[in-house]
>>> print(open('work20.cif').read())   # mmCIF, C-alpha atoms
data_coords
loop_
_atom_site.label_atom_id
_atom_site.label_comp_id
_atom_site.auth_asym_id
_atom_site.auth_seq_id
_atom_site.Cartn_x
_atom_site.Cartn_y
_atom_site.Cartn_z
CA MET N 1 -22.24 -13.34 14.57
CA ASN N 2 -19.32 -13.05 16.98
CA PHE N 3 -16.24 -10.93 16.36
CA VAL N 4 -13.92 -13.73 15.20
CA GLU N 5 -16.49 -15.09 12.73
CA ALA N 6 -16.93 -11.56 11.36
CA CYS N 7 -13.14 -11.40 10.89
CA ARG N 8 -13.17 -14.67 8.95
CA GLN N 9 -15.97 -13.46 6.67
CA LEU N 10 -14.29 -10.13 5.99
CA ILE N 11 -11.04 -11.84 4.95
CA SER N 12 -12.93 -14.27 2.71
CA ILE N 13 -14.17 -11.49 0.40
CA ASP N 14 -11.74 -10.46 -2.35
CA SER N 15 -11.03 -6.71 -2.39
CA THR N 16 -7.78 -6.71 -4.36
CA PRO N 17 -7.09 -3.99 -6.98
CA THR N 18 -8.05 -6.28 -9.90
CA HIS N 19 -11.33 -7.25 -8.22
CA GLY N 20 -12.40 -3.99 -6.57
CA ASN N 21 -13.98 -3.57 -3.15
CA ARG N 22 -17.70 -3.38 -4.01
CA GLU N 23 -18.59 -6.85 -2.76
CA LEU N 24 -16.70 -6.32 0.49
CA ALA N 25 -18.12 -2.83 0.98
CA LYS N 26 -21.69 -4.11 0.56
CA TRP N 27 -21.03 -6.72 3.24
CA ALA N 28 -19.45 -4.12 5.54
CA ALA N 29 -22.34 -1.69 5.02
CA ALA N 30 -24.91 -4.37 5.85
CA PHE N 31 -22.97 -5.40 8.94
CA CYS N 32 -22.73 -1.77 10.12
CA ARG N 33 -26.53 -1.50 9.80
CA GLN N 34 -26.92 -4.68 11.84
CA GLN N 35 -24.88 -2.99 14.57
CA GLY N 36 -27.31 -0.06 14.65
CA LEU N 37 -25.39 2.48 12.54
CA TYR N 38 -26.76 4.65 9.74
CA VAL N 39 -24.85 3.98 6.54
CA GLU N 40 -24.21 5.85 3.31
CA GLU N 41 -22.60 4.03 0.40
CA GLN N 42 -20.60 6.29 -1.90
CA GLU N 43 -20.44 4.37 -5.18
CA GLU N 44 -17.83 5.25 -7.78
CA ILE N 45 -16.64 3.82 -11.09
CA VAL N 46 -12.85 3.78 -11.34
CA GLY N 47 -11.60 2.43 -14.64
CA ASP N 48 -13.92 -0.51 -15.26
CA LEU N 49 -14.39 -1.38 -11.59
CA GLU N 50 -17.23 -0.54 -9.21
CA GLN N 51 -15.80 0.80 -5.96
CA VAL N 52 -17.55 1.89 -2.76
CA ASN N 53 -16.77 4.05 0.27
CA VAL N 54 -18.75 3.00 3.36
CA ILE N 55 -19.71 5.91 5.65
CA ALA N 56 -21.33 4.88 8.95
CA ARG N 57 -22.66 7.17 11.72
CA PRO N 58 -24.45 6.56 15.03
CA THR N 59 -27.00 9.26 14.15
CA ASN N 60 -29.07 9.81 11.02
CA GLU N 61 -27.77 13.30 10.37
CA ARG N 62 -24.85 15.10 8.79
CA PRO N 63 -23.11 17.00 11.64
CA ILE N 64 -21.01 20.13 11.17
CA ALA N 65 -17.94 18.61 12.85
CA GLU N 66 -16.79 15.01 13.12
CA PHE N 67 -14.11 12.69 14.49
CA LEU N 68 -13.08 10.37 11.64
CA LEU N 69 -12.33 6.69 12.26
CA GLN N 70 -10.98 5.46 8.93
CA ASN N 71 -9.68 2.28 7.33
CA HIS N 72 -9.19 1.22 3.74
CA LEU N 73 -11.08 -1.93 2.77
CA ASP N 74 -8.89 -2.98 -0.16
CA THR N 75 -5.78 -5.14 -0.04
CA VAL N 76 -2.76 -5.76 -2.23
CA GLU N 77 -2.77 -8.67 -4.67
CA PRO N 78 -1.85 -11.89 -2.83
CA GLY N 79 0.78 -13.15 -5.28
CA PRO N 80 1.17 -16.92 -5.77
CA PHE N 81 -1.42 -18.73 -3.68
CA SER N 82 1.01 -21.59 -3.05
CA LEU N 83 3.12 -19.33 -0.80
CA TRP N 84 0.23 -18.89 1.67
CA THR N 85 1.16 -22.01 3.59
CA GLN N 86 -0.58 -20.94 6.84
CA THR N 87 -3.96 -20.67 5.10
CA GLY N 88 -3.96 -23.86 3.06
CA SER N 89 -2.68 -22.05 -0.05
CA ASN N 90 -5.74 -19.76 -0.05
CA PRO N 91 -5.11 -16.17 1.16
CA PHE N 92 -8.89 -15.62 1.52
CA ASP N 93 -9.42 -18.58 3.86
CA ALA N 94 -8.61 -17.19 7.33
CA HIS N 95 -6.92 -19.67 9.65
CA ILE N 96 -6.53 -19.23 13.40
CA ILE N 97 -3.24 -20.63 14.70
CA ASP N 98 -1.96 -20.08 18.25
CA GLY N 99 -4.27 -17.13 18.82
CA ARG N 100 -3.41 -15.41 15.53
CA ILE N 101 -5.61 -14.85 12.48
CA TYR N 102 -3.79 -15.48 9.19
CA GLY N 103 -5.05 -14.21 5.84
CA LEU N 104 -4.87 -11.39 3.30
CA GLY N 105 -5.89 -8.13 4.98
CA ALA N 106 -5.69 -9.49 8.51
CA ALA N 107 -3.23 -6.77 9.51
CA ASP N 108 -3.48 -4.37 6.57
CA VAL N 109 -6.18 -3.37 7.51
CA LYS N 110 -9.53 -5.09 7.07
CA LEU N 111 -9.86 -6.36 10.62
CA ASP N 112 -9.06 -3.00 12.19
CA PHE N 113 -12.22 -1.71 10.49
CA LEU N 114 -14.15 -4.26 12.53
CA CYS N 115 -12.34 -3.11 15.69
CA LYS N 116 -13.51 0.46 15.12
CA LEU N 117 -17.02 -0.74 14.28
CA TRP N 118 -17.20 -2.85 17.44
CA ALA N 119 -16.07 0.10 19.55
CA LEU N 120 -18.44 2.61 17.96
CA ALA N 121 -21.46 0.27 18.06
CA SER N 122 -20.95 -0.30 21.81
CA PHE N 123 -22.15 3.27 22.51
CA GLY N 124 -25.61 2.68 21.03
CA LYS N 125 -27.85 5.30 19.41
CA ASP N 126 -29.09 7.46 22.26
CA ARG N 127 -26.06 9.62 22.83
CA VAL N 128 -25.43 13.34 22.82
CA TRP N 129 -22.18 13.87 20.95
CA LYS N 130 -19.96 16.92 21.37
CA LEU N 131 -17.93 15.75 18.34
CA HIS N 132 -19.77 13.21 16.22
CA PRO N 133 -17.83 10.05 15.34
CA VAL N 134 -17.96 8.76 11.76
CA LEU N 135 -16.61 5.38 10.64
CA VAL N 136 -15.37 5.23 7.04
CA GLY N 137 -14.10 2.32 4.97
CA THR N 138 -12.49 3.55 1.75
CA PHE N 139 -11.41 1.93 -1.50
CA GLY N 140 -8.23 2.17 -3.52
CA GLU N 141 -5.58 2.81 -0.84
CA GLU N 142 -3.25 0.38 -2.59
CA THR N 143 -3.74 2.17 -5.92
CA GLY N 144 -3.37 5.84 -5.04
CA MET N 145 -5.88 6.33 -2.19
CA GLN N 146 -8.65 7.08 -4.67
CA GLY N 147 -11.42 6.46 -2.16
CA ALA N 148 -10.06 9.02 0.28
CA LEU N 149 -9.73 11.55 -2.54
CA LYS N 150 -13.34 10.97 -3.65
CA LEU N 151 -14.49 11.28 -0.04
CA ILE N 152 -12.86 14.71 0.28
CA ARG N 153 -13.72 16.02 -3.18
CA LYS N 154 -17.42 15.20 -2.78
CA ASN N 155 -17.55 16.62 0.75
CA LYS N 156 -18.88 13.45 2.37
CA ILE N 157 -17.46 14.13 5.84
CA ALA N 158 -16.76 17.13 8.09
CA ALA N 159 -13.80 15.78 10.02
CA LYS N 160 -11.68 17.91 12.33
CA MET N 161 -9.58 15.01 13.65
CA ALA N 162 -8.85 11.56 12.24
CA LEU N 163 -7.60 8.22 13.53
CA ILE N 164 -6.33 6.30 10.51
CA GLY N 165 -6.06 2.51 10.54
CA GLU N 166 -2.52 1.29 10.00
CA PRO N 167 -0.68 -1.81 11.30
CA SER N 168 1.52 -0.22 13.96
CA ASP N 169 1.79 -2.97 16.58
CA LEU N 170 -0.54 -0.89 18.80
CA GLN N 171 1.72 2.18 18.78
CA LEU N 172 0.66 5.69 17.81
CA ILE N 173 2.05 7.08 14.54
CA ASN N 174 2.32 10.87 14.29
CA ALA N 175 4.35 11.20 11.07
CA ALA N 176 4.77 9.26 7.83
CA LYS N 177 6.74 9.39 4.62
CA GLY N 178 5.26 10.50 1.34
CA PHE N 179 5.60 8.51 -1.85
CA ALA N 180 5.80 8.75 -5.61
CA SER N 181 4.54 5.97 -7.87
CA VAL N 182 6.56 5.82 -11.09
CA GLU N 183 6.10 3.96 -14.37
CA ILE N 184 8.66 3.57 -17.15
CA ARG N 185 7.85 2.08 -20.56
CA ILE N 186 10.72 1.12 -22.86
CA PRO N 187 9.47 0.46 -26.42
CA PHE N 188 10.88 -2.32 -28.57
CA SER N 189 12.40 -1.06 -31.81
CA ASP N 190 10.71 -2.05 -35.07
CA GLU N 191 13.62 -4.40 -35.72
CA GLU N 192 13.13 -6.05 -32.33
CA VAL N 193 9.38 -6.44 -32.86
CA GLN N 194 9.98 -8.17 -36.18
CA TYR N 195 12.76 -10.35 -34.77
CA ARG N 196 10.62 -11.43 -31.82
CA GLN N 197 7.72 -12.36 -34.11
CA GLU N 198 9.95 -14.38 -36.43
CA HIS N 199 11.69 -16.01 -33.49
CA ASN N 200 8.37 -17.25 -32.08
CA LEU N 201 7.29 -18.66 -35.47
CA ARG N 202 10.49 -20.58 -36.20
CA GLU N 203 10.41 -24.30 -35.53
CA SER N 204 13.86 -24.47 -33.97
CA THR N 205 14.95 -21.64 -31.70
CA SER N 206 17.21 -21.48 -28.69
CA THR N 207 16.97 -19.18 -25.69
CA GLN N 208 18.29 -19.17 -22.15
CA SER N 209 16.05 -18.71 -19.13
CA LYS N 210 16.81 -17.93 -15.51
CA LEU N 211 14.65 -17.63 -12.39
CA PHE N 212 15.47 -15.23 -9.55
CA ARG N 213 14.23 -15.59 -5.98
CA GLY N 214 13.92 -12.90 -3.33
CA LYS N 215 11.93 -12.14 -0.22
CA ALA N 216 8.71 -10.12 -0.23
CA SER N 217 8.15 -7.14 2.05
CA HIS N 218 6.35 -3.81 1.97
CA SER N 219 8.02 -1.32 -0.34
CA SER N 220 8.39 1.16 2.54
CA THR N 221 10.80 -1.24 4.27
CA PRO N 222 12.84 -2.66 1.38
CA HIS N 223 15.71 -3.52 3.72
CA LEU N 224 13.48 -6.22 5.22
CA GLY N 225 12.99 -7.86 1.85
CA GLU N 226 15.18 -9.03 -0.98
CA SER N 227 14.31 -7.83 -4.47
CA ALA N 228 14.27 -10.56 -7.09
CA ILE N 229 13.93 -7.88 -9.80
CA SER N 230 17.09 -6.09 -8.63
CA LYS N 231 18.96 -9.40 -8.70
CA MET N 232 17.73 -9.98 -12.24
CA LEU N 233 18.69 -6.50 -13.46
CA GLU N 234 22.14 -6.79 -11.85
CA TYR N 235 22.56 -10.07 -13.76
CA LEU N 236 21.36 -8.46 -17.00
CA MET N 237 23.94 -5.67 -16.60
CA MET N 238 26.73 -8.26 -16.54
CA LEU N 239 25.69 -9.74 -19.89
CA PRO N 240 26.91 -8.41 -23.26
CA ASP N 241 24.90 -5.48 -24.61
CA SER N 242 24.09 -7.57 -27.69
CA VAL N 243 21.75 -10.01 -25.91
CA ASN N 244 18.09 -9.75 -26.82
CA VAL N 245 15.45 -9.86 -24.08
CA MET N 246 12.68 -12.24 -25.14
CA GLU N 247 10.76 -12.19 -21.86
CA ILE N 248 11.29 -10.36 -18.59
CA ASP N 249 8.81 -10.58 -15.74
CA GLY N 250 8.74 -10.04 -11.99
CA GLY N 251 6.74 -8.81 -9.01
CA VAL N 252 3.02 -8.41 -8.35
CA ASN N 253 2.67 -4.63 -7.89
CA PHE N 254 4.72 -1.44 -7.55
CA ASN N 255 4.19 -1.38 -3.77
CA THR N 256 5.76 -4.72 -2.78
CA VAL N 257 9.38 -5.89 -2.82
CA PRO N 258 9.24 -8.67 -5.44
CA SER N 259 10.00 -12.25 -4.40
CA ASN N 260 10.11 -13.70 -7.92
CA ALA N 261 11.48 -12.69 -11.31
CA PHE N 262 12.06 -14.42 -14.66
CA LEU N 263 14.38 -13.61 -17.57
CA GLU N 264 14.56 -15.22 -21.02
CA ILE N 265 17.25 -14.05 -23.43
CA ASP N 266 18.54 -14.83 -26.90
CA ILE N 267 22.33 -14.71 -26.97
CA ASP N 268 22.68 -14.88 -30.75
CA SER N 269 20.47 -11.94 -31.62
CA ALA N 270 21.32 -9.79 -34.65
CA VAL N 271 19.36 -6.79 -33.43
CA LYS N 272 21.48 -3.64 -33.63
CA GLU N 273 20.15 -1.75 -30.58
CA PRO N 274 18.66 -4.34 -28.24
CA ILE N 275 16.44 -3.24 -25.37
CA ALA N 276 18.75 -4.89 -22.82
CA LYS N 277 21.21 -2.00 -23.10
CA LYS N 278 18.45 0.57 -22.53
CA ILE N 279 17.19 -1.31 -19.46
CA ALA N 280 20.73 -1.40 -18.07
CA ASN N 281 21.23 2.34 -18.60
CA ILE N 282 18.00 3.18 -16.78
CA PHE N 283 18.81 0.78 -13.94
CA ARG N 284 22.23 2.45 -13.49
CA ALA N 285 20.48 5.83 -13.15
CA ILE N 286 18.13 4.37 -10.54
CA LYS N 287 21.09 3.00 -8.57
CA ALA N 288 22.80 6.41 -8.72
CA MET N 289 19.65 8.06 -7.36
CA GLU N 290 19.58 5.57 -4.49
CA LEU N 291 23.14 6.60 -3.61
CA ASP N 292 22.07 10.24 -3.47
CA PHE N 293 19.26 9.26 -1.09
CA LEU N 294 21.92 8.51 1.53
CA ASN N 295 22.69 12.23 1.78
CA TYR N 296 19.25 12.97 3.24
CA LYS N 297 18.41 11.60 6.69
CA ASP N 298 15.44 12.14 8.97
CA ASN N 299 16.34 10.36 12.20
CA ASP N 300 12.71 10.19 13.30
CA PHE N 301 12.27 7.46 10.69
CA HIS N 302 13.60 3.99 10.05
CA PRO N 303 14.86 3.71 7.39
CA SER N 304 16.02 7.28 7.94
CA THR N 305 16.64 8.01 4.25
CA PRO N 306 14.37 8.01 1.19
CA THR N 307 13.96 4.53 -0.29
CA LEU N 308 13.14 3.10 -3.69
CA ASN N 309 11.55 -0.15 -4.84
CA ILE N 310 11.17 -1.60 -8.34
CA GLY N 311 8.09 -3.66 -7.65
CA LEU N 312 7.00 -4.85 -11.07
CA ILE N 313 8.43 -5.51 -14.51
CA ARG N 314 6.43 -6.90 -17.46
CA THR N 315 6.98 -7.71 -21.13
CA ASN N 316 4.15 -6.33 -23.25
CA GLU N 317 3.63 -6.71 -26.97
CA ASP N 318 5.26 -3.37 -27.81
CA ASP N 319 7.33 -2.49 -24.76
CA ILE N 320 8.74 -3.42 -21.37
CA GLN N 321 7.01 -1.85 -18.40
CA ILE N 322 8.79 -1.05 -15.13
CA SER N 323 6.79 0.16 -12.11
CA GLY N 324 8.11 1.26 -8.74
CA SER N 325 7.82 3.72 -5.90
CA CYS N 326 9.91 6.14 -3.83
CA ARG N 327 9.34 6.82 -0.12
CA ILE N 328 10.09 10.38 0.96
CA PRO N 329 10.53 11.62 4.57
CA PRO N 330 9.22 15.08 5.58
CA ILE N 331 12.68 16.70 5.43
CA ILE N 332 12.79 16.30 1.63
CA THR N 333 11.75 19.54 -0.05
CA HIS N 334 9.58 19.52 -3.14
CA GLU N 335 12.51 20.97 -5.09
CA VAL N 336 14.77 18.02 -4.21
CA TYR N 337 12.02 15.55 -5.09
CA GLU N 338 11.42 17.28 -8.44
CA LYS N 339 15.15 17.15 -9.28
CA TRP N 340 15.27 13.39 -8.70
CA MET N 341 12.26 12.86 -10.95
CA ASP N 342 13.61 15.19 -13.64
CA ASP N 343 17.02 13.48 -13.65
CA LEU N 344 15.42 10.06 -14.09
CA ARG N 345 13.11 11.39 -16.80
CA VAL N 346 16.08 12.71 -18.78
CA VAL N 347 17.85 9.33 -18.69
CA CYS N 348 14.66 7.54 -19.76
CA GLU N 349 14.06 9.91 -22.68
CA ARG N 350 17.70 9.56 -23.72
CA ASN N 351 17.05 5.82 -24.05
CA GLY N 352 13.78 6.24 -25.92
CA ALA N 353 11.65 5.38 -22.89
CA ILE N 354 8.51 7.04 -21.56
CA PHE N 355 8.67 8.19 -17.92
CA ARG N 356 5.58 9.02 -15.90
CA VAL N 357 4.83 9.81 -12.24
CA ASN N 358 1.41 8.18 -11.72
CA ASP N 359 0.88 9.45 -8.19
CA TYR N 360 2.53 11.63 -5.59
CA LYS N 361 1.57 12.01 -1.94
CA LYS N 362 3.32 14.44 0.38
CA PRO N 363 4.69 13.26 3.74
CA TYR N 364 2.92 14.43 6.88
CA ARG N 365 3.78 15.14 10.52
CA THR N 366 1.41 15.97 13.41
CA GLU N 367 3.31 17.77 16.13
CA MET N 368 3.72 16.24 19.59
CA ASN N 369 1.99 19.16 21.32
CA SER N 370 -1.29 18.65 19.43
CA MET N 371 -4.40 17.83 21.47
CA LEU N 372 -5.00 14.71 19.39
CA VAL N 373 -1.52 13.27 19.91
CA LYS N 374 -1.49 14.08 23.62
CA GLY N 375 -4.96 12.61 24.16
CA CYS N 376 -4.16 9.38 22.33
CA LEU N 377 -0.93 8.92 24.27
CA ASP N 378 -2.77 9.52 27.56
CA GLU N 379 -5.28 6.78 26.76
CA LEU N 380 -2.57 4.33 25.67
CA ARG N 381 -0.72 4.97 28.91
CA ALA N 382 -3.88 4.38 30.95
CA LEU N 383 -4.41 1.04 29.18
CA GLY N 384 -0.86 -0.07 29.94
CA MET N 385 0.25 0.22 26.31
CA SER N 386 3.20 2.06 24.78
CA ASP N 387 2.89 5.85 25.00
CA ARG N 388 5.91 6.56 22.80
CA PRO N 389 4.86 7.73 19.33
CA ILE N 390 6.57 6.33 16.27
CA THR N 391 6.87 7.30 12.63
CA GLN N 392 5.96 5.27 9.59
CA PRO N 393 8.09 4.66 6.51
CA SER N 394 5.04 4.20 4.28
CA THR N 395 2.16 6.43 3.26
CA ASN N 396 -1.57 6.19 3.88
CA GLU N 397 -4.70 8.34 3.85
CA ALA N 398 -3.29 10.66 6.52
CA SER N 399 -1.37 12.29 3.68
CA ILE N 400 -4.69 13.14 1.99
CA PHE N 401 -6.65 14.20 5.05
CA SER N 402 -3.88 16.28 6.62
CA ARG N 403 -3.56 18.26 3.40
CA VAL N 404 -7.10 19.64 3.88
CA GLY N 405 -6.53 20.60 7.52
CA ILE N 406 -7.66 17.43 9.29
CA GLU N 407 -5.42 16.61 12.25
CA CYS N 408 -4.29 13.00 11.82
CA VAL N 409 -2.67 10.14 13.70
CA CYS N 410 -2.43 6.47 12.75
CA PHE N 411 -2.84 3.36 14.85
CA GLY N 412 -3.68 -0.30 14.53
CA PRO N 413 -3.10 -3.89 15.62
CA GLY N 414 -0.62 -6.10 13.80
CA LYS N 415 3.04 -5.79 12.96
CA ARG N 416 4.15 -4.18 9.72
CA GLU N 417 7.68 -5.48 9.32
CA ASP N 418 8.03 -8.93 7.80
CA ASN N 419 4.24 -9.33 7.92
CA VAL N 420 2.09 -7.09 5.69
CA HIS N 421 2.43 -7.62 1.95
CA THR N 422 3.80 -11.12 2.64
CA PRO N 423 2.11 -14.55 2.42
CA LYS N 424 2.30 -14.97 6.20
CA GLU N 425 0.24 -11.87 7.05
CA HIS N 426 -1.42 -12.24 10.46
CA VAL N 427 -2.63 -10.43 13.55
CA ALA N 428 -3.07 -11.60 17.15
CA ILE N 429 -6.68 -11.78 18.34
CA ALA N 430 -5.53 -10.32 21.67
CA ASP N 431 -4.21 -7.25 19.83
CA LEU N 432 -7.54 -6.80 18.05
CA GLU N 433 -9.26 -6.81 21.45
CA LYS N 434 -6.80 -4.23 22.79
CA ALA N 435 -7.48 -2.03 19.75
CA ILE N 436 -11.21 -2.16 20.44
CA GLU N 437 -10.65 -0.95 24.02
CA PHE N 438 -8.40 1.87 22.82
CA TYR N 439 -10.99 3.05 20.27
CA LYS N 440 -13.69 3.06 22.96
CA LYS N 441 -11.51 5.29 25.13
CA ILE N 442 -10.76 7.64 22.22
CA ILE N 443 -14.46 7.97 21.38
CA GLU N 444 -15.25 8.70 25.04
CA ARG N 445 -12.47 11.30 25.28
CA PHE N 446 -13.03 13.26 22.08
CA CYS N 447 -16.66 12.63 21.16
CA LEU N 448 -18.70 12.52 24.38
#
>>> encode(input="work20.cif", output="structure tokens")
Amino acid sequence: MNFVEACRQLISIDSTPTHGNRELAKWAAAFCRQQGLYVEEQEEIVGDLEQVNVIARPTNERPIAEFLLQNHLDTVEPGPFSLWTQTGSNPFDAHIIDGRIYGLGAADVKLDFLCKLWALASFGKDRVWKLHPVLVGTFGEETGMQGALKLIRKNKIAAKMALIGEPSDLQLINAAKGFASVEIRIPFSDEEVQYRQEHNLRESTSTQSKLFRGKASHSSTPHLGESAISKMLEYLMMLPDSVNVMEIDGGVNFNTVPSNAFLEIDIDSAVKEPIAKKIANIFRAIKAMELDFLNYKDNDFHPSTPTLNIGLIRTNEDDIQISGSCRIPPIITHEVYEKWMDDLRVVCERNGAIFRVNDYKKPYRTEMNSMLVKGCLDELRALGMSDRPITQPSTNEASIFSRVGIECVCFGPGKREDNVHTPKEHVAIADLEKAIEFYKKIIERFCL
């Protein structure tokens, strides 16, 4: 199987959060074995899903020190299939157009796993390693980096340095923002529950519905997208407090700027304390927090300030669920972060809502004078590629690994902006080939 066909097969296997990565990981493990690597499959049950970390080494031993080559094997949910116009309305059917591979996970970051595999396999088995390389494909990056956490907690690797797969347009990333994943649940009052049930059973009822359109992007770069949920909540704030929300829906996950939202309201509701007013109060507090973000700038990043995204809103039987995330640059102290979360929690509780931080990952920064950063920049320069490091507005496994003393940088083919977490996700085949050459040079420099 050639490289491009392997790319097509990898994209074809669903590894979204609702499906899990087991099927994809089994394929990846088998393919690693075909390339002459020794593979361990770390199987875990998360919720009701079977998930797998793939750990591949060129030797059948557990060394005392390793150089980690890591990618996550899961992807975000694709959203409406009809928006994937470059792949025939099927995000899992990779199409090659003008030298670019289109499909879910093409840039973020399934195919970069194959680049690392291709590079590592090229060295064969009979090598004496000064620092043993280990290739790892993890699960659950899009839902809290659970695979990386399981890898560390169960002591599956002995990494001293790590090269983390991330779509960076072939530039080295030495620092990244942290993030907090937040969920708010606003319960319907007993009166609202009864009214909604009666309303649905009546033969003649009247409601008003409105669709909102936006533009999807990664939540770390919300300025490149256009939030349909924010448009909807701004509209809801302009309505009388007496309106009753019958249905409110938008987004596909907390980590993506939502491109679609839907609102159905009943203007003539007799409910005394409708949920619409509570939603509006919480949204005002969120907007006030965003204003305070502007007082904190880290000029190494773009956007330079913390950012916030409301990625998902759903109407459940008993409540309305709002999910979102904050992106936090390294200059933000833990005390400042805690104050923001506490202030939002107070407003939620004041409106009878439940506030919860589901996940929090600290930002990281690897200094420019580190041996890893210098070595990577030297090899990029020698290959005629950019030797100017950049920062990343999003968070990945480097936040986990750096916390336990592993020196980390990130790198990968494919553009992030206006590409990942959108229905036109793609990567140039030429960039995949350049990534393979870079990984070969890094393995030669640090491992042989």
>>> closest_residue(input="work20.cif", among="N:Lys278, N:Arg100, N:Arg57, N:Lys125", to="Pro187 of chain N", atoms="all atoms listed in the file")
N:Lys278
>>> closest_residue(input="work20.cif", among="N:Ser399, N:Ser325, N:Thr391, N:Asn71", to="Tyr364 of chain N", atoms="all atoms listed in the file")
N:Ser399
>>> residues_around(input="work20.cif", residues="Phe254 of chain N", least_positions_apart="5", cutoff="10 Å", atoms="all atoms listed in the file", output="number ranges by chain")
N: 142-143, 181-183, 218-219, 309-313, 322-326
>>> resolve_selection(input="work20.cif", expression="the PyMOL selection byres ((chain N and resi 356) around 12)", output="list in words")
Ala180, Ser181, Val182, Glu183, Ile184, Arg185, Ile186, Gln321, Ile322, Ser323, Gly324, Ser325, Met341, Asp342, Leu344, Arg345, Val346, Cys348, Glu349, Ala353, Ile354, Phe355, Val357, Asn358, Asp359 and Tyr360 of chain N
>>> residues_around(input="work20.cif", residues="segment 225-237 of chain N", least_positions_apart="2", cutoff="10 Å", atoms="all atoms listed in the file", output="ChimeraX atom specification")
/N:210-219,221-223,239-241,243,245,248-251,256-263,265,276-277,279-281,283-284,287,309-313,417-418,422
>>> resolve_selection(input="work20.cif", expression="the PyMOL selection byres ((chain N and resi 10) around 8)", output="JSON, numbers by chain")
{"N": [6, 7, 8, 9, 11, 12, 13, 24, 28, 110, 111]}
>>> write_last_selection(input="work20.cif", atoms="C-alpha atoms", output="PDB file, in the frame of the given file")
ATOM      1  CA  ALA N   6     -16.930 -11.560  11.360  1.00  0.00           C
ATOM      2  CA  CYS N   7     -13.140 -11.400  10.890  1.00  0.00           C
ATOM      3  CA  ARG N   8     -13.170 -14.670   8.950  1.00  0.00           C
ATOM      4  CA  GLN N   9     -15.970 -13.460   6.670  1.00  0.00           C
ATOM      5  CA  ILE N  11     -11.040 -11.840   4.950  1.00  0.00           C
ATOM      6  CA  SER N  12     -12.930 -14.270   2.710  1.00  0.00           C
ATOM      7  CA  ILE N  13     -14.170 -11.490   0.400  1.00  0.00           C
ATOM      8  CA  LEU N  24     -16.700  -6.320   0.490  1.00  0.00           C
ATOM      9  CA  ALA N  28     -19.450  -4.120   5.540  1.00  0.00           C
ATOM     10  CA  LYS N 110      -9.530  -5.090   7.070  1.00  0.00           C
ATOM     11  CA  LEU N 111      -9.860  -6.360  10.620  1.00  0.00           C
TER      12      LEU N 111
END
>>> residues_around(input="work20.cif", residues="Phe3 of chain N", least_positions_apart="2", cutoff="12 Å", atoms="only C-alpha atoms", output="compact mmCIF listing (two decimals) with C-alpha atoms, in the coordinates of the input")
# COMPACT_ATOMS: atom_id res chain seq x y z
CA MET N 1 -22.24 -13.34 14.57
CA GLU N 5 -16.49 -15.09 12.73
CA ALA N 6 -16.93 -11.56 11.36
CA CYS N 7 -13.14 -11.40 10.89
CA ARG N 8 -13.17 -14.67 8.95
CA GLN N 9 -15.97 -13.46 6.67
CA LEU N 10 -14.29 -10.13 5.99
CA PHE N 31 -22.97 -5.40 8.94
CA GLN N 35 -24.88 -2.99 14.57
CA ILE N 101 -5.61 -14.85 12.48
CA LEU N 111 -9.86 -6.36 10.62
CA ASP N 112 -9.06 -3.00 12.19
CA PHE N 113 -12.22 -1.71 10.49
CA LEU N 114 -14.15 -4.26 12.53
CA CYS N 115 -12.34 -3.11 15.69
CA LYS N 116 -13.51 0.46 15.12
CA LEU N 117 -17.02 -0.74 14.28
CA TRP N 118 -17.20 -2.85 17.44
CA ALA N 119 -16.07 0.10 19.55
CA ILE N 429 -6.68 -11.78 18.34
CA ALA N 430 -5.53 -10.32 21.67
CA LEU N 432 -7.54 -6.80 18.05
CA GLU N 433 -9.26 -6.81 21.45
CA ILE N 436 -11.21 -2.16 20.44
>>> closest_residue(input="work20.cif", among="N:Arg445, N:Pro58, N:Ile328, N:Lys424", to="Phe123 of chain N", atoms="all atoms listed in the file")
N:Pro58
>>> resolve_selection(input="work20.cif", expression="the PyMOL selection byres ((chain N and resi 408) around 6)", output="VMD selection string")
chain N and resid 161 to 162 398 407 409
>>> atom_distance(input="work20.cif", atom1="atom CA of Gln208 of chain N", atom2="atom CA of Ser189 of chain N")
21.4 Å
>>> decode(input="work20.cif", residues="segment 213-228 of chain N", atoms="C-alpha atoms", output="mmCIF file, in the first residue's frame")
data_model
loop_
_atom_site.group_PDB
_atom_site.id
_atom_site.type_symbol
_atom_site.label_atom_id
_atom_site.label_comp_id
_atom_site.auth_asym_id
_atom_site.auth_seq_id
_atom_site.Cartn_x
_atom_site.Cartn_y
_atom_site.Cartn_z
ATOM 1 C CA ARG N 213 -26.226 31.121 10.084
ATOM 2 C CA GLY N 214 -22.559 31.625 10.914
ATOM 3 C CA LYS N 215 -19.159 30.394 9.830
ATOM 4 C CA ALA N 216 -17.371 27.457 11.457
ATOM 5 C CA SER N 217 -13.810 27.674 12.731
ATOM 6 C CA HIS N 218 -11.702 26.238 15.527
ATOM 7 C CA SER N 219 -12.653 27.654 18.915
ATOM 8 C CA SER N 220 -9.068 28.841 19.458
ATOM 9 C CA THR N 221 -9.470 31.304 16.574
ATOM 10 C CA PRO N 222 -13.043 32.555 16.985
ATOM 11 C CA HIS N 223 -12.225 35.744 15.070
ATOM 12 C CA LEU N 224 -11.928 33.608 11.928
ATOM 13 C CA GLY N 225 -15.440 32.281 12.349
ATOM 14 C CA GLU N 226 -18.869 33.714 12.939
ATOM 15 C CA SER N 227 -20.891 32.283 15.809
ATOM 16 C CA ALA N 228 -24.472 31.433 14.923
#
